[in-house]
Amino acid sequence: MAYSMARETLGLTQPGQIDTPQISFAAIEIDLVKWKGDMLAVGVTEKDMAKDENLKFKNSILLKLDKQLGGLLSEASSEEDFTGKVGQSTVLRLPGLGSKRIGLIGLGSTPSEIVSYRNLGETLGEAAKTSKSSKIAITLSSSEGLSAKSKIAIASAIATGVVLGTYEDNRFKSEPKKLSLKSVEILGLGTGSEIDKKLKCAEDVCSGIIFGKELVNAPANVLTPGILAGEAMRIAFDYSDVFTATILDVEQCKQLKMGSYLGVAAASANPPHFIHLCYKPPGGAVKTKLALVGKGLTFDSGGYNIKTGPACLIELMKFDMGGAAAVFGAAKSLGQIKPAGVEVHFIVAACENMISGTGMRPGDIVTASNGKTIEVNNTDAEGRLTLADALVYACNQDVGKIVDLATLTGACVVALGRSIAGVFTPSDDLAKEVLAASEVTGEKLWRMPMEESYWESMKSEVADMVNTGGREGGAITAALFLKQFVDEKVQWMHIDMAGPVWNDKNKSATGFGVATLVEWVLNNSS
């Protein structure tokens with residue numbers, strides 16, 4: 001992440017240089033036993049691992065490799081009880097091949113979802129990182145029966161997985177590790193311009209996912225609202241042929257009557273920055289106008305309703321700008337891909353939710369830019385207040401469709417867990433579009449109800465609405481709140497990504513949302 005604004009941070013912390021994967025991908029056809037490099041990996045299903053009465057592989061590719069190795073592959077897989085189940089992998093250093101190592105990676109019984117191949121790539125990337133391999137190759141033991149289109153999609157998913165599997169965010173370590181991997185060759189899935197184009201697109205999407213991860217991983221003393229604005233400006237600078245940037249300060253937001261957003265920002269010593277990037281294709285007519293809106297709380301203390309207790313996750317509230325990270329990650333990718341026929345607005349109301357004498361209090365009434373008044377009964381339901389003005393602004397850009405992404409509610413995590421984001425929209429057509437895009441990328445979305453009767457709990461005696469209802473159906477009432485700030489003529493979707501924004505096991509951001517947003521925009525391009 002290239003920080004574009006000079007400043008002295010709290011704690012004097014400065015991010016180091018990033019060792020971003022610079023990996024070349026190629027789809028080739030070659031006899032496996034003649035391939036030369038550091039590691040040859042084979043994705044195998046449980047069926048592929050079947051053996052005959054002589055303990056010989058029935059699968060032709062595994063049999064061929066095993067013969068070349070004098071039966072050592074069969075012997076090693078038996079000794080290690082490798083059966084091809086999902087999550088299983090084994091890497092062997094064996095003589096007899098041009099490859100220094102051979103790896104077997106399990107795909108399970110029948111890998112029907114594209115995410116299985118992305119996971120295969122991630123496992124391979126991690127193995128390459130561990131073995132400090134420079135050149136690796138990957139093939140499937142069973143690719144017969146796959147259509148040319150499926151092979152291209154699988155190759156793209158594997159390439160995505162490899163890049164993300166090798167990447168480590170080590171900017172804040174005093175002795176960062178260096179990445180060895182330089183070359184990945186995908187064998188047996190076809191060759192030609194179509195697969196090469198898809199692999200290049202996968203690289204572009206990965207750069208956006210990594211950028212999104214870095215934004216979320218950066219601590220709040222480093223990534224302030226002003227620095228986030230600087231990162232957005234850098235995107236516009238790097239891809240100035242298709243991007244323009246507008247950054248609104250407090251006075252400009254006041255002129256636009258963004259009282260809801262400014263109320264949240266009022267307590268922080270770091271001023272808010274309202275960020276608007278606009279993508280326009282380098283040539284040709286614009287047929288579709290879209291907006292992507294991301295929640296941009298670079299830190300959320302909860303305000304006067306401060307986050308307390310062991311489950312409040314206050315130490316992780318740097319990830320409360322995960323929606324903004326997804327939006328800007330998508331912008332970076334699209335700046336490289338440059339789709340035709342579509343105009344895209346990327347909008348983030350960036351600020352911090354802090355505590356001070358100037359801060360918003362429980363019971364205060366704020367007025368959004370569409371004139372609606374909100375009684376703040378909980379200062380820790382602040383994200384929706386910032387999104388309210390951002391959605392009004394997005395509607396004023398004359399767009400036909402809006403998707404907003406936000407780490408909005410713990411209720412959605414309770415309902416769907418850590419791996420699935422909740423989708424809320426009154427539009428069946430938009431739901432089909434975005435869910436279809438997520439099927440391609442492997443990011444998990446689940447459509448939730450917009451139960452209008454729940455709005456009763458959001459009514460105020462002294463204002464048009466309160467900002468949070470009861471505990472029951474909290475993700476639904478949050479979505480119903482946002483709906484109050486969207487023009488009825490605009491198709492709108494809210495994605496609550498509070499669960500999948502963060503990987504607890506790896507203690508790192510996931511980059512969730514970037515790939516699906518890019519796929520959706522591309523599907524709307526001409």
# chains A, B, ... in the order shown; residues from 1 in each chain; ligands from 1
call {"tool": "closest_atom_pairs", "arguments": {"of": "range 451-490 of chain A", "to": "range 256-273 of chain A", "cutoff": "12 Å", "atoms": "only C-alpha atoms", "output": "Markdown table"}}
result
| residue | atom | partner | partner_atom | distance |
| --- | --- | --- | --- | --- |
| A:Val466 | CA | A:Ser260 | CA | 11.9 |
| A:Asn467 | CA | A:Ser260 | CA | 10.3 |
| A:Phe485 | CA | A:Ser260 | CA | 11.2 |
call {"tool": "write_last_selection", "arguments": {"atoms": "C-alpha atoms", "output": "mmCIF file, in the first residue's frame"}}
result
data_model
loop_
_atom_site.group_PDB
_atom_site.id
_atom_site.type_symbol
_atom_site.label_atom_id
_atom_site.label_comp_id
_atom_site.auth_asym_id
_atom_site.auth_seq_id
_atom_site.Cartn_x
_atom_site.Cartn_y
_atom_site.Cartn_z
ATOM 1 C CA VAL A 466 -34.259 5.860 15.626
ATOM 2 C CA ASN A 467 -30.958 4.430 14.468
ATOM 3 C CA PHE A 485 -32.078 6.911 2.107
#
call {"tool": "select_by_dssp", "arguments": {"residues": "range 66-253 of chain A", "states": "alpha helix (DSSP H)", "output": "count of residues only"}}
result
91
call {"tool": "residues_around", "arguments": {"residues": "range 153-155 of chain A", "least_positions_apart": "5", "cutoff": "12 Å", "atoms": "only C-alpha atoms", "output": "VMD selection string"}}
result
chain A and resid 25 to 28 43 111 to 121 137 to 140 143 146 to 148 160 to 162 184 to 191 194 to 203 439 to 442
call {"tool": "residues_around", "arguments": {"residues": "Lys295 in chain A", "least_positions_apart": "2", "cutoff": "9 Å", "atoms": "only C-alpha atoms", "output": "list of chain:residue names"}}
result
A:Val293, A:Leu297, A:Asp320, A:Met321, A:Gly322, A:Gly323, A:Ala324, A:Ala325, A:Ile347, A:Val348, A:Ala349, A:Ala350, A:Gly383, A:Arg384, A:Thr386, A:Leu387, A:Ala390, A:Asp404, A:Leu405, A:Ala406, A:Thr407, A:Leu408
call {"tool": "closest_residue", "arguments": {"among": "A:Met493, A:Val250, A:Leu40, A:Cys395", "to": "Asp428 in chain A", "atoms": "only C-alpha atoms"}}
result
A:Met493
